[in-house]
$ cat final-v6.txt   # compact mmCIF, N, CA and C atoms and all ligand atoms
# COMPACT_ATOMS: atom_id res chain seq x y z
N MET A 147 -14.20 -71.00 30.52
CA MET A 147 -13.49 -70.36 31.63
C MET A 147 -13.71 -71.13 32.91
N ASN A 148 -12.63 -71.32 33.67
CA ASN A 148 -12.72 -72.02 34.94
C ASN A 148 -13.26 -71.08 36.02
N THR A 149 -14.57 -71.21 36.34
CA THR A 149 -15.17 -70.38 37.38
C THR A 149 -15.68 -71.29 38.49
N GLN A 150 -15.89 -70.72 39.67
CA GLN A 150 -16.42 -71.50 40.79
C GLN A 150 -17.71 -70.89 41.26
N LYS A 151 -18.70 -71.75 41.41
CA LYS A 151 -20.08 -71.32 41.64
C LYS A 151 -20.23 -70.41 42.87
N ASP A 152 -19.52 -70.76 43.93
CA ASP A 152 -19.72 -70.01 45.17
C ASP A 152 -18.68 -68.91 45.40
N CYS A 153 -17.91 -68.61 44.34
CA CYS A 153 -16.84 -67.62 44.50
C CYS A 153 -17.37 -66.21 44.24
N LEU A 154 -17.17 -65.32 45.22
CA LEU A 154 -17.63 -63.93 45.11
C LEU A 154 -17.06 -63.25 43.86
N PHE A 155 -15.75 -63.40 43.63
CA PHE A 155 -15.14 -62.67 42.51
C PHE A 155 -15.53 -63.29 41.17
N CYS A 156 -15.78 -64.61 41.10
CA CYS A 156 -16.32 -65.19 39.87
C CYS A 156 -17.70 -64.58 39.57
N LYS A 157 -18.49 -64.34 40.62
CA LYS A 157 -19.81 -63.73 40.43
C LYS A 157 -19.66 -62.28 39.96
N ILE A 158 -18.67 -61.59 40.47
CA ILE A 158 -18.42 -60.20 40.04
C ILE A 158 -18.01 -60.19 38.56
N ILE A 159 -17.14 -61.11 38.16
CA ILE A 159 -16.72 -61.19 36.76
C ILE A 159 -17.93 -61.42 35.85
N LYS A 160 -18.82 -62.30 36.29
CA LYS A 160 -20.01 -62.63 35.47
C LYS A 160 -21.04 -61.51 35.47
N GLY A 161 -20.91 -60.57 36.42
CA GLY A 161 -21.88 -59.48 36.52
C GLY A 161 -23.07 -59.82 37.40
N ASP A 162 -23.02 -61.00 38.05
CA ASP A 162 -24.10 -61.39 38.96
C ASP A 162 -24.11 -60.51 40.21
N ILE A 163 -22.92 -60.04 40.58
CA ILE A 163 -22.79 -59.06 41.67
C ILE A 163 -22.19 -57.80 41.04
N PRO A 164 -22.81 -56.64 41.26
CA PRO A 164 -22.32 -55.42 40.60
C PRO A 164 -20.97 -54.96 41.15
N SER A 165 -20.20 -54.33 40.29
CA SER A 165 -18.92 -53.74 40.71
C SER A 165 -18.63 -52.54 39.82
N LYS A 166 -17.74 -51.68 40.29
CA LYS A 166 -17.34 -50.52 39.49
C LYS A 166 -16.08 -50.90 38.72
N LYS A 167 -16.25 -51.07 37.42
CA LYS A 167 -15.16 -51.59 36.58
C LYS A 167 -14.07 -50.55 36.35
N ALA A 168 -12.80 -51.01 36.44
CA ALA A 168 -11.67 -50.15 36.11
C ALA A 168 -11.01 -50.59 34.81
N TYR A 169 -11.13 -51.88 34.47
CA TYR A 169 -10.50 -52.42 33.26
C TYR A 169 -11.08 -53.81 33.01
N GLU A 170 -11.19 -54.15 31.71
CA GLU A 170 -11.58 -55.53 31.38
C GLU A 170 -11.04 -55.93 30.02
N ASP A 171 -10.57 -57.15 29.91
CA ASP A 171 -10.31 -57.76 28.61
C ASP A 171 -10.68 -59.23 28.71
N GLU A 172 -10.27 -60.03 27.75
CA GLU A 172 -10.74 -61.43 27.73
C GLU A 172 -10.16 -62.26 28.89
N ARG A 173 -9.05 -61.81 29.46
CA ARG A 173 -8.41 -62.61 30.51
C ARG A 173 -8.46 -61.99 31.91
N VAL A 174 -8.70 -60.68 31.95
CA VAL A 174 -8.51 -59.95 33.22
C VAL A 174 -9.69 -59.02 33.48
N TYR A 175 -10.04 -58.87 34.77
CA TYR A 175 -11.04 -57.90 35.19
C TYR A 175 -10.45 -57.10 36.35
N ALA A 176 -10.70 -55.79 36.36
CA ALA A 176 -10.24 -54.93 37.46
C ALA A 176 -11.39 -54.05 37.90
N PHE A 177 -11.51 -53.87 39.21
CA PHE A 177 -12.64 -53.11 39.76
C PHE A 177 -12.24 -52.46 41.08
N PHE A 178 -13.00 -51.44 41.45
CA PHE A 178 -12.66 -50.67 42.65
C PHE A 178 -13.08 -51.42 43.91
N ASP A 179 -12.17 -51.46 44.87
CA ASP A 179 -12.44 -52.16 46.13
C ASP A 179 -13.61 -51.49 46.86
N ILE A 180 -14.50 -52.28 47.42
CA ILE A 180 -15.69 -51.78 48.11
C ILE A 180 -15.32 -51.07 49.42
N ASN A 181 -14.16 -51.37 49.94
CA ASN A 181 -13.70 -50.80 51.22
C ASN A 181 -12.28 -50.26 51.04
N PRO A 182 -12.16 -49.15 50.29
CA PRO A 182 -10.82 -48.69 49.88
C PRO A 182 -9.92 -48.31 51.05
N GLN A 183 -8.67 -48.72 50.96
CA GLN A 183 -7.67 -48.44 52.00
C GLN A 183 -6.78 -47.26 51.63
N ALA A 184 -7.06 -46.63 50.51
CA ALA A 184 -6.26 -45.50 50.02
C ALA A 184 -7.11 -44.80 48.95
N PRO A 185 -6.73 -43.58 48.55
CA PRO A 185 -7.51 -42.88 47.53
C PRO A 185 -7.70 -43.70 46.24
N VAL A 186 -6.70 -44.48 45.87
CA VAL A 186 -6.85 -45.42 44.74
C VAL A 186 -6.69 -46.84 45.30
N HIS A 187 -7.71 -47.66 45.13
CA HIS A 187 -7.62 -49.06 45.58
C HIS A 187 -8.43 -49.91 44.60
N ILE A 188 -7.69 -50.54 43.71
CA ILE A 188 -8.29 -51.34 42.63
C ILE A 188 -7.87 -52.79 42.82
N LEU A 189 -8.80 -53.70 42.59
CA LEU A 189 -8.50 -55.13 42.63
C LEU A 189 -8.38 -55.64 41.20
N ILE A 190 -7.28 -56.31 40.89
CA ILE A 190 -7.05 -56.84 39.55
C ILE A 190 -7.07 -58.36 39.65
N ILE A 191 -7.91 -58.99 38.86
CA ILE A 191 -8.08 -60.45 38.98
C ILE A 191 -8.08 -61.11 37.60
N PRO A 192 -7.54 -62.35 37.54
CA PRO A 192 -7.71 -63.12 36.31
C PRO A 192 -9.16 -63.64 36.25
N LYS A 193 -9.69 -63.75 35.05
CA LYS A 193 -11.05 -64.30 34.92
C LYS A 193 -11.07 -65.79 35.26
N LYS A 194 -9.95 -66.44 35.03
CA LYS A 194 -9.83 -67.85 35.42
C LYS A 194 -9.72 -67.93 36.95
N HIS A 195 -10.47 -68.83 37.55
CA HIS A 195 -10.45 -68.96 39.01
C HIS A 195 -9.20 -69.67 39.52
N PHE A 196 -8.48 -68.99 40.40
CA PHE A 196 -7.43 -69.61 41.21
C PHE A 196 -7.76 -69.22 42.64
N SER A 197 -7.63 -70.13 43.60
CA SER A 197 -7.99 -69.75 44.96
C SER A 197 -6.96 -68.82 45.58
N GLY A 198 -5.75 -68.82 45.07
CA GLY A 198 -4.72 -67.93 45.60
C GLY A 198 -3.40 -68.21 44.92
N LEU A 199 -2.34 -67.58 45.42
CA LEU A 199 -1.00 -67.74 44.82
C LEU A 199 -0.56 -69.20 44.79
N LEU A 200 -0.95 -69.95 45.83
CA LEU A 200 -0.50 -71.34 45.92
C LEU A 200 -1.15 -72.23 44.86
N ASP A 201 -2.16 -71.71 44.22
CA ASP A 201 -2.90 -72.45 43.19
C ASP A 201 -2.27 -72.29 41.80
N LEU A 202 -1.26 -71.41 41.71
CA LEU A 202 -0.67 -71.12 40.39
C LEU A 202 0.31 -72.20 39.97
N ASP A 203 0.46 -72.34 38.68
CA ASP A 203 1.39 -73.29 38.07
C ASP A 203 2.33 -72.49 37.16
N THR A 204 3.43 -73.08 36.76
CA THR A 204 4.34 -72.35 35.87
C THR A 204 3.66 -71.97 34.56
N ALA A 205 2.64 -72.73 34.16
CA ALA A 205 1.89 -72.40 32.94
C ALA A 205 1.18 -71.05 33.06
N ASP A 206 1.03 -70.55 34.28
CA ASP A 206 0.33 -69.28 34.51
C ASP A 206 1.28 -68.09 34.60
N ASN A 207 2.58 -68.34 34.42
CA ASN A 207 3.56 -67.25 34.58
C ASN A 207 3.26 -66.06 33.68
N GLU A 208 2.91 -66.34 32.44
CA GLU A 208 2.68 -65.25 31.49
C GLU A 208 1.47 -64.42 31.93
N LEU A 209 0.42 -65.08 32.38
CA LEU A 209 -0.79 -64.39 32.84
C LEU A 209 -0.48 -63.46 34.01
N ILE A 210 0.32 -63.95 34.94
CA ILE A 210 0.62 -63.15 36.13
C ILE A 210 1.50 -61.95 35.76
N GLY A 211 2.42 -62.14 34.82
CA GLY A 211 3.20 -61.01 34.31
C GLY A 211 2.31 -60.01 33.60
N TYR A 212 1.39 -60.51 32.82
CA TYR A 212 0.43 -59.67 32.09
C TYR A 212 -0.38 -58.81 33.06
N ILE A 213 -0.82 -59.41 34.15
CA ILE A 213 -1.60 -58.68 35.16
C ILE A 213 -0.77 -57.53 35.74
N HIS A 214 0.52 -57.72 35.91
CA HIS A 214 1.35 -56.64 36.43
C HIS A 214 1.49 -55.50 35.42
N GLY A 215 1.47 -55.84 34.14
CA GLY A 215 1.45 -54.80 33.11
C GLY A 215 0.17 -53.98 33.18
N ILE A 216 -0.93 -54.65 33.43
CA ILE A 216 -2.22 -53.94 33.59
C ILE A 216 -2.17 -53.06 34.84
N ALA A 217 -1.56 -53.56 35.90
CA ALA A 217 -1.43 -52.76 37.13
C ALA A 217 -0.67 -51.47 36.83
N ALA A 218 0.41 -51.55 36.07
CA ALA A 218 1.19 -50.36 35.72
C ALA A 218 0.36 -49.40 34.88
N LYS A 219 -0.39 -49.93 33.94
CA LYS A 219 -1.27 -49.09 33.10
C LYS A 219 -2.32 -48.38 33.96
N LEU A 220 -2.93 -49.11 34.89
CA LEU A 220 -3.95 -48.51 35.76
C LEU A 220 -3.32 -47.48 36.70
N ALA A 221 -2.10 -47.74 37.16
CA ALA A 221 -1.41 -46.77 38.02
C ALA A 221 -1.20 -45.46 37.27
N ARG A 222 -0.82 -45.55 35.99
CA ARG A 222 -0.65 -44.33 35.19
C ARG A 222 -1.98 -43.63 35.00
N GLU A 223 -3.01 -44.39 34.64
CA GLU A 223 -4.34 -43.81 34.39
C GLU A 223 -4.90 -43.10 35.61
N HIS A 224 -4.57 -43.61 36.79
CA HIS A 224 -5.13 -43.04 38.02
C HIS A 224 -4.14 -42.12 38.74
N ASN A 225 -3.09 -41.74 37.99
CA ASN A 225 -2.15 -40.70 38.44
C ASN A 225 -1.42 -41.03 39.74
N ILE A 226 -1.09 -42.29 39.91
CA ILE A 226 -0.29 -42.66 41.08
C ILE A 226 1.06 -43.24 40.65
N ALA A 227 1.32 -43.27 39.34
CA ALA A 227 2.56 -43.89 38.85
C ALA A 227 3.79 -43.12 39.33
N ASN A 228 3.73 -41.78 39.27
CA ASN A 228 4.91 -41.00 39.59
C ASN A 228 5.21 -40.98 41.09
N ARG A 229 4.19 -40.84 41.91
CA ARG A 229 4.44 -40.72 43.35
C ARG A 229 4.64 -42.08 44.01
N GLY A 230 4.11 -43.12 43.40
CA GLY A 230 4.36 -44.46 43.93
C GLY A 230 3.09 -45.18 44.32
N PHE A 231 3.18 -46.47 44.32
CA PHE A 231 2.01 -47.30 44.62
C PHE A 231 2.49 -48.67 45.08
N ARG A 232 1.54 -49.49 45.49
CA ARG A 232 1.88 -50.83 45.96
C ARG A 232 0.97 -51.85 45.29
N ILE A 233 1.52 -53.04 44.98
CA ILE A 233 0.74 -54.19 44.54
C ILE A 233 0.83 -55.21 45.68
N VAL A 234 -0.32 -55.66 46.17
CA VAL A 234 -0.35 -56.58 47.31
C VAL A 234 -1.22 -57.79 46.98
N THR A 235 -0.69 -58.98 47.27
CA THR A 235 -1.51 -60.18 47.24
C THR A 235 -1.40 -60.86 48.59
N ASN A 236 -2.49 -60.89 49.32
CA ASN A 236 -2.52 -61.59 50.60
C ASN A 236 -2.73 -63.07 50.35
N SER A 237 -1.97 -63.90 51.06
CA SER A 237 -2.08 -65.34 50.90
C SER A 237 -2.24 -66.00 52.26
N GLY A 238 -3.42 -66.53 52.52
CA GLY A 238 -3.64 -67.27 53.76
C GLY A 238 -4.04 -66.39 54.93
N SER A 239 -4.30 -67.03 56.07
CA SER A 239 -4.94 -66.34 57.20
C SER A 239 -4.01 -65.34 57.87
N ASP A 240 -2.73 -65.64 58.04
CA ASP A 240 -1.84 -64.66 58.68
C ASP A 240 -1.77 -63.37 57.87
N ALA A 241 -1.89 -63.49 56.57
CA ALA A 241 -1.81 -62.31 55.70
C ALA A 241 -3.15 -61.60 55.58
N GLY A 242 -4.22 -62.25 56.05
CA GLY A 242 -5.54 -61.61 56.02
C GLY A 242 -6.31 -61.81 54.73
N GLN A 243 -5.98 -62.88 53.98
CA GLN A 243 -6.77 -63.16 52.77
C GLN A 243 -8.20 -63.51 53.16
N THR A 244 -9.16 -62.80 52.56
CA THR A 244 -10.57 -63.04 52.89
C THR A 244 -11.37 -63.56 51.69
N VAL A 245 -10.87 -63.32 50.48
CA VAL A 245 -11.57 -63.80 49.28
C VAL A 245 -10.64 -64.76 48.56
N PHE A 246 -11.13 -65.97 48.30
CA PHE A 246 -10.27 -67.03 47.77
C PHE A 246 -10.42 -67.18 46.26
N HIS A 247 -10.21 -66.04 45.59
CA HIS A 247 -10.00 -65.94 44.14
C HIS A 247 -8.82 -64.98 44.04
N ILE A 248 -7.71 -65.44 43.49
CA ILE A 248 -6.48 -64.64 43.52
C ILE A 248 -6.76 -63.21 43.05
N HIS A 249 -6.20 -62.24 43.78
CA HIS A 249 -6.37 -60.84 43.42
C HIS A 249 -5.15 -60.04 43.80
N PHE A 250 -4.92 -59.01 43.00
CA PHE A 250 -3.79 -58.12 43.19
C PHE A 250 -4.36 -56.76 43.56
N HIS A 251 -4.09 -56.31 44.78
CA HIS A 251 -4.53 -54.98 45.21
C HIS A 251 -3.56 -53.95 44.61
N LEU A 252 -4.10 -52.98 43.90
CA LEU A 252 -3.31 -51.82 43.46
C LEU A 252 -3.71 -50.67 44.37
N ILE A 253 -2.77 -50.22 45.19
CA ILE A 253 -3.07 -49.24 46.24
C ILE A 253 -2.14 -48.04 46.08
N GLY A 254 -2.71 -46.83 46.12
CA GLY A 254 -1.87 -45.65 46.03
C GLY A 254 -2.65 -44.38 46.29
N GLY A 255 -1.90 -43.26 46.26
CA GLY A 255 -2.54 -41.96 46.47
C GLY A 255 -2.30 -41.41 47.87
N ARG A 256 -1.54 -42.13 48.67
CA ARG A 256 -1.13 -41.65 49.99
C ARG A 256 0.19 -42.31 50.35
N PRO A 257 0.98 -41.70 51.26
CA PRO A 257 2.21 -42.38 51.70
C PRO A 257 1.85 -43.65 52.46
N MET A 258 2.67 -44.68 52.31
CA MET A 258 2.40 -45.96 52.99
C MET A 258 3.55 -46.32 53.93
N ASN A 259 3.21 -47.08 54.94
CA ASN A 259 4.21 -47.49 55.94
C ASN A 259 4.91 -48.77 55.50
N TRP A 260 6.12 -48.93 56.02
CA TRP A 260 6.86 -50.17 55.87
C TRP A 260 7.54 -50.49 57.19
N PRO A 261 7.49 -51.70 57.71
CA PRO A 261 6.79 -52.84 57.15
C PRO A 261 5.27 -52.68 57.27
N PRO A 262 4.52 -53.37 56.40
CA PRO A 262 3.07 -53.30 56.47
C PRO A 262 2.58 -53.95 57.78
N GLY A 263 1.41 -53.56 58.22
CA GLY A 263 0.90 -54.03 59.52
C GLY A 263 0.54 -55.49 59.53
P1 LIG B 301 -8.18 -59.84 50.76
O1 LIG B 301 -8.52 -59.48 52.19
O2 LIG B 301 -8.67 -61.22 50.41
O3 LIG B 301 -6.74 -59.62 50.39
O4 LIG B 301 -8.95 -58.79 49.86
C1 LIG B 301 -10.31 -58.88 49.55
C2 LIG B 301 -10.75 -57.50 49.17
O5 LIG B 301 -12.01 -57.61 48.50
C3 LIG B 301 -10.96 -56.55 50.36
O6 LIG B 301 -10.14 -55.41 50.20
C4 LIG B 301 -12.45 -56.22 50.29
O7 LIG B 301 -12.74 -54.88 50.65
C5 LIG B 301 -12.80 -56.51 48.85
N1 LIG B 301 -14.18 -56.92 48.63
C6 LIG B 301 -14.86 -57.88 49.33
N2 LIG B 301 -16.11 -58.02 48.84
C7 LIG B 301 -16.21 -57.13 47.81
C8 LIG B 301 -17.29 -56.80 46.91
O8 LIG B 301 -18.38 -57.36 46.95
N3 LIG B 301 -17.04 -55.84 45.98
C9 LIG B 301 -15.83 -55.19 45.92
N4 LIG B 301 -15.70 -54.24 44.97
N5 LIG B 301 -14.80 -55.48 46.74
C10 LIG B 301 -15.00 -56.43 47.68
ZN ZN B 302 -13.43 -67.26 41.54
$ encode --input "final-v6.txt" --output "structure tokens" --more "lines below"
Ligand code: 5GP
Ligand code: ZN
Amino acid sequence: MNTQKDCLFCKIIKGDIPSKKAYEDERVYAFFDINPQAPVHILIIPKKHFSGLLDLDTADNELIGYIHGIAAKLAREHNIANRGFRIVTNSGSDAGQTVFHIHFHLIGGRPMNWPPG
């Protein structure tokens, strides 16, 4: 597996830093955000390290689609599928990306504003 020594989320995947797991399989890990922005706030990440969306290649298309399927499954499990939810990936400084291991925020359980802040 392509991991990076100084990456916070690679350490979380390895269990070197504790997290509250929401889902895991051989390719994907999901865990509850430490600073939740809504009643449900789960981070879904590939186990393979990518620094962000710009790091993806067409060879990763299937993995990224697969992650969205997991997001839908988690939305159902956490009872936000019917009322609605959001998947967010921040990319770069204007968007507020703070952790440089690609992650998909699954956020729901409250009404959300548009456009986002
Ligand atoms: P970004 O700002 O890069 O889009 O999202 C990073 C997210 O990771 C933030 O929502 C932040 O609360 C979360 N986060 C940062 N460090 C940790 C941690 O150690 N554990 C968990 N569970 N979440 C973290
Ligand atoms: Zn990483």
$ residues_near_ligand --input "final-v6.txt" --ligand "ligand ZN 302 (chain B)" --cutoff "8 Å" --atoms "only N, CA and C atoms and all ligand atoms" --output "list in words"
Asn148, Thr149, Gln150, Lys151, Asp152, Cys153, Leu154, Phe155, Cys156, Lys157, Ile158, Ile159, Pro192, Lys193, Lys194, His195, Phe196, Ser197, Val245, Phe246, His247 and Ile248 of chain A
$ select_by_dssp --input "final-v6.txt" --residues "stretch 172-263 of chain A" --states "alpha helix (DSSP H)" --output "count of residues only"
17
$ closest_atom_pairs --input "final-v6.txt" --of "chain A" --to "ligand LIG 301 (chain B)" --cutoff "12 Å" --atoms "only C-alpha atoms and all ligand atoms" --output "CSV"
residue,atom,partner,partner_atom,distance
A:Cys153,CA,B:LIG301,N2,10.6
A:Leu154,CA,B:LIG301,O8,6.9
A:Phe155,CA,B:LIG301,O8,7.6
A:Cys156,CA,B:LIG301,O8,10.8
A:Lys157,CA,B:LIG301,O8,9.2
A:Ile158,CA,B:LIG301,O8,7.5
A:Ile159,CA,B:LIG301,N3,10.7
A:Gly161,CA,B:LIG301,O8,11.2
A:Asp162,CA,B:LIG301,O8,10.6
A:Ile163,CA,B:LIG301,O8,7.1
A:Pro164,CA,B:LIG301,N3,7.5
A:Ser165,CA,B:LIG301,N4,5.4
A:Lys166,CA,B:LIG301,N4,6.8
A:Lys167,CA,B:LIG301,N4,8.8
A:Ala168,CA,B:LIG301,N4,10.6
A:Tyr175,CA,B:LIG301,N4,11.4
A:Ala176,CA,B:LIG301,N4,9.3
A:Phe177,CA,B:LIG301,N4,6.1
A:Phe178,CA,B:LIG301,N4,5.2
A:Asp179,CA,B:LIG301,N4,4.0
A:Ile180,CA,B:LIG301,N4,4.0
A:Asn181,CA,B:LIG301,O7,4.2
A:Pro182,CA,B:LIG301,O7,6.5
A:Gln183,CA,B:LIG301,O6,7.6
A:Ala184,CA,B:LIG301,O6,10.6
A:Val186,CA,B:LIG301,O6,11.9
A:His187,CA,B:LIG301,O6,8.2
A:Ile188,CA,B:LIG301,N4,8.3
A:Leu189,CA,B:LIG301,O5,7.3
A:Ile190,CA,B:LIG301,O5,10.3
A:Ile191,CA,B:LIG301,O5,10.7
A:Ser197,CA,B:LIG301,O2,10.1
A:Gly198,CA,B:LIG301,O2,9.2
A:Leu199,CA,B:LIG301,O3,11.4
A:Ile233,CA,B:LIG301,O3,10.9
A:Val234,CA,B:LIG301,O3,7.7
A:Thr235,CA,B:LIG301,O3,6.1
A:Asn236,CA,B:LIG301,O3,4.7
A:Ser237,CA,B:LIG301,O3,7.4
A:Gly238,CA,B:LIG301,O2,8.6
A:Ser239,CA,B:LIG301,O1,9.2
A:Asp240,CA,B:LIG301,O1,10.7
A:Ala241,CA,B:LIG301,O3,7.7
A:Gly242,CA,B:LIG301,O1,5.3
A:Gln243,CA,B:LIG301,O2,3.6
A:Thr244,CA,B:LIG301,O2,3.6
A:Val245,CA,B:LIG301,O2,4.0
A:Phe246,CA,B:LIG301,O2,6.6
A:His247,CA,B:LIG301,O2,8.0
A:Ile248,CA,B:LIG301,O2,8.0
A:His249,CA,B:LIG301,O3,7.1
A:Phe250,CA,B:LIG301,O3,7.9
A:His251,CA,B:LIG301,O3,7.3
A:Leu252,CA,B:LIG301,O6,10.2
A:Ile253,CA,B:LIG301,O6,10.2
$ closest_residue --input "final-v6.txt" --among "A:Glu172, A:Leu220, A:Pro185, A:Leu200" --to "A:Arg256" --atoms "all atoms listed in the file"
A:Pro185
$ select_by_dssp --input "final-v6.txt" --residues "chain A" --states "strand (DSSP E)" --output "PyMOL selection string"
chain A and resi 167-170+174-178+186-192+231-234+250-254
$ atom_distance --input "final-v6.txt" --atom1 "atom CA of A:Lys160" --atom2 "atom C of A:Gly254"
27.4 Å
$ atom_distance --input "final-v6.txt" --atom1 "atom CA of A:Ala218" --atom2 "atom CA of A:Asp206"
19.0 Å
$ atom_distance --input "final-v6.txt" --atom1 "atom C of A:Gly230" --atom2 "atom N of A:Gly255"
5.7 Å
$ build_atoms --input "final-v6.txt" --residues "stretch 178-198 of chain A" --atoms "N, CA, C and O atoms" --output "tab-separated table (two decimals), keeping the file's coordinate frame"
chain	number	residue	atom	x	y	z
A	178	PHE	N	-13.00	-51.44	41.45
A	178	PHE	CA	-12.66	-50.67	42.65
A	178	PHE	C	-13.08	-51.42	43.91
A	178	PHE	O	-14.20	-51.95	43.98
A	179	ASP	N	-12.17	-51.46	44.87
A	179	ASP	CA	-12.44	-52.16	46.13
A	179	ASP	C	-13.61	-51.49	46.86
A	179	ASP	O	-13.71	-50.26	46.92
A	180	ILE	N	-14.50	-52.28	47.42
A	180	ILE	CA	-15.69	-51.78	48.11
A	180	ILE	C	-15.32	-51.07	49.42
A	180	ILE	O	-16.09	-50.24	49.91
A	181	ASN	N	-14.16	-51.37	49.94
A	181	ASN	CA	-13.70	-50.80	51.22
A	181	ASN	C	-12.28	-50.26	51.04
A	181	ASN	O	-11.31	-50.83	51.54
A	182	PRO	N	-12.16	-49.15	50.29
A	182	PRO	CA	-10.82	-48.69	49.88
A	182	PRO	C	-9.92	-48.31	51.05
A	182	PRO	O	-10.35	-47.65	51.99
A	183	GLN	N	-8.67	-48.72	50.96
A	183	GLN	CA	-7.67	-48.44	52.00
A	183	GLN	C	-6.78	-47.26	51.63
A	183	GLN	O	-5.85	-46.93	52.37
A	184	ALA	N	-7.06	-46.63	50.51
A	184	ALA	CA	-6.26	-45.50	50.02
A	184	ALA	C	-7.11	-44.80	48.95
A	184	ALA	O	-8.10	-45.37	48.49
A	185	PRO	N	-6.73	-43.58	48.55
A	185	PRO	CA	-7.51	-42.88	47.53
A	185	PRO	C	-7.70	-43.70	46.24
A	185	PRO	O	-8.74	-43.61	45.60
A	186	VAL	N	-6.70	-44.48	45.87
A	186	VAL	CA	-6.85	-45.42	44.74
A	186	VAL	C	-6.69	-46.84	45.30
A	186	VAL	O	-5.66	-47.15	45.92
A	187	HIS	N	-7.71	-47.66	45.13
A	187	HIS	CA	-7.62	-49.06	45.58
A	187	HIS	C	-8.43	-49.91	44.60
A	187	HIS	O	-9.66	-49.95	44.64
A	188	ILE	N	-7.69	-50.54	43.71
A	188	ILE	CA	-8.29	-51.34	42.63
A	188	ILE	C	-7.87	-52.79	42.82
A	188	ILE	O	-6.71	-53.08	43.16
A	189	LEU	N	-8.80	-53.70	42.59
A	189	LEU	CA	-8.50	-55.13	42.63
A	189	LEU	C	-8.38	-55.64	41.20
A	189	LEU	O	-9.28	-55.39	40.38
A	190	ILE	N	-7.28	-56.31	40.89
A	190	ILE	CA	-7.05	-56.84	39.55
A	190	ILE	C	-7.07	-58.36	39.65
A	190	ILE	O	-6.33	-58.94	40.47
A	191	ILE	N	-7.91	-58.99	38.86
A	191	ILE	CA	-8.08	-60.45	38.98
A	191	ILE	C	-8.08	-61.11	37.60
A	191	ILE	O	-8.56	-60.54	36.62
A	192	PRO	N	-7.54	-62.35	37.54
A	192	PRO	CA	-7.71	-63.12	36.31
A	192	PRO	C	-9.16	-63.64	36.25
A	192	PRO	O	-9.76	-63.92	37.29
A	193	LYS	N	-9.69	-63.75	35.05
A	193	LYS	CA	-11.05	-64.30	34.92
A	193	LYS	C	-11.07	-65.79	35.26
A	193	LYS	O	-12.08	-66.31	35.72
A	194	LYS	N	-9.95	-66.44	35.03
A	194	LYS	CA	-9.83	-67.85	35.42
A	194	LYS	C	-9.72	-67.93	36.95
A	194	LYS	O	-8.99	-67.14	37.55
A	195	HIS	N	-10.47	-68.83	37.55
A	195	HIS	CA	-10.45	-68.96	39.01
A	195	HIS	C	-9.20	-69.67	39.52
A	195	HIS	O	-8.92	-70.80	39.11
A	196	PHE	N	-8.48	-68.99	40.40
A	196	PHE	CA	-7.43	-69.61	41.21
A	196	PHE	C	-7.76	-69.22	42.64
A	196	PHE	O	-8.09	-68.05	42.89
A	197	SER	N	-7.63	-70.13	43.60
A	197	SER	CA	-7.99	-69.75	44.96
A	197	SER	C	-6.96	-68.82	45.58
A	197	SER	O	-7.27	-68.08	46.51
A	198	GLY	N	-5.75	-68.82	45.07
A	198	GLY	CA	-4.72	-67.93	45.60
A	198	GLY	C	-3.40	-68.21	44.92
A	198	GLY	O	-3.32	-69.00	43.98
